Structures are given as C-alpha cells and as structure tokens.
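For reference, the structure discussed in these notes is given below.
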Amino acid sequence: MKKSYCLKLEEELWHEIDRNRMLTAGVLNAGSSKVDYIRDAMVAYNEYYRKQVERRVRKTHPSLVA
C-alpha cells in the first residue's frame, strides 16, 4: 500500500530534480514522471544506506542497528 506524502522543496532543488530527470530520460527511464524519479531516488538511497552506512554503524555501535 502506498501512502501519500507532500514534499515541499526550494524551487532551485525542484529545478535540479527536473534537470537530472530529463538527463536520464531516454537513457534509463524513458518518460519517467517526477514522482517516479523521486521514488526511484529514495529507493536507491535506502539501498545505499542499508549497504554502506548501516554496515559501518554496526561495526562501531552495534546496539544502534536492530
């Protein structure tokens, strides 16, 4: 189930998101919407966090990561 969320950002950041999305359009995800682009970015960040950051935290503070 997907849950709605309102994302408020500075206009400059929205422009950067649009620019990056258009650069990848046709290369990775032809015709992806802004919502799809942001969702994919969040999934990629969470994967990176899980693989890189949590691993380092476990080494130094194992009690912080369940």
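Letters A, B, ... go to the chains of the structure tokens in the order shown; residues in each chain start at 1; ligands are counted from 1 in the same order.
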> What are the DSSP alpha helix (DSSP H) residues of chain A, as a ChimeraX atom specification?
Replying inline: /A:11-24,34-48,54-60
Please save C-alpha atoms of the selected residues as a short mmCIF file (atom, residue, chain, number, x, y, z; two decimals), in the first residue's frame.
```cif
data_model
loop_
_atom_site.label_atom_id
_atom_site.label_comp_id
_atom_site.auth_asym_id
_atom_site.auth_seq_id
_atom_site.Cartn_x
_atom_site.Cartn_y
_atom_site.Cartn_z
CA GLU A 11 12.42 25.94 -6.21
CA GLU A 12 16.13 25.52 -7.01
CA LEU A 13 16.03 21.90 -5.81
CA TRP A 14 12.93 21.20 -7.94
CA HIS A 15 14.82 22.57 -10.95
CA GLU A 16 17.76 20.28 -10.17
CA ILE A 17 15.42 17.30 -9.87
CA ASP A 18 13.83 18.16 -13.23
CA ARG A 19 17.24 18.64 -14.87
CA ASN A 20 18.56 15.31 -13.58
CA ARG A 21 15.33 13.53 -14.52
CA MET A 22 15.47 14.89 -18.06
CA LEU A 23 19.15 13.93 -18.40
CA THR A 24 18.28 10.32 -17.64
CA LYS A 34 8.79 13.41 -11.41
CA VAL A 35 7.08 11.16 -8.86
CA ASP A 36 8.71 8.05 -10.35
CA TYR A 37 12.10 9.76 -10.41
CA ILE A 38 11.88 10.81 -6.74
CA ARG A 39 10.57 7.38 -5.72
CA ASP A 40 13.45 5.66 -7.55
CA ALA A 41 15.95 8.04 -5.93
CA MET A 42 14.56 7.27 -2.48
CA VAL A 43 14.76 3.52 -3.12
CA ALA A 44 18.36 3.88 -4.35
CA TYR A 45 19.32 5.98 -1.31
CA ASN A 46 17.75 3.49 1.11
CA GLU A 47 19.65 0.66 -0.57
CA TYR A 48 22.90 2.63 -0.37
CA GLU A 54 24.42 0.62 8.42
CA ARG A 55 27.41 -1.68 7.91
CA ARG A 56 29.74 0.98 9.28
CA VAL A 57 27.42 1.80 12.17
CA ARG A 58 27.19 -1.88 13.12
CA LYS A 59 30.97 -2.05 13.40
CA THR A 60 31.24 0.93 15.73
#
```
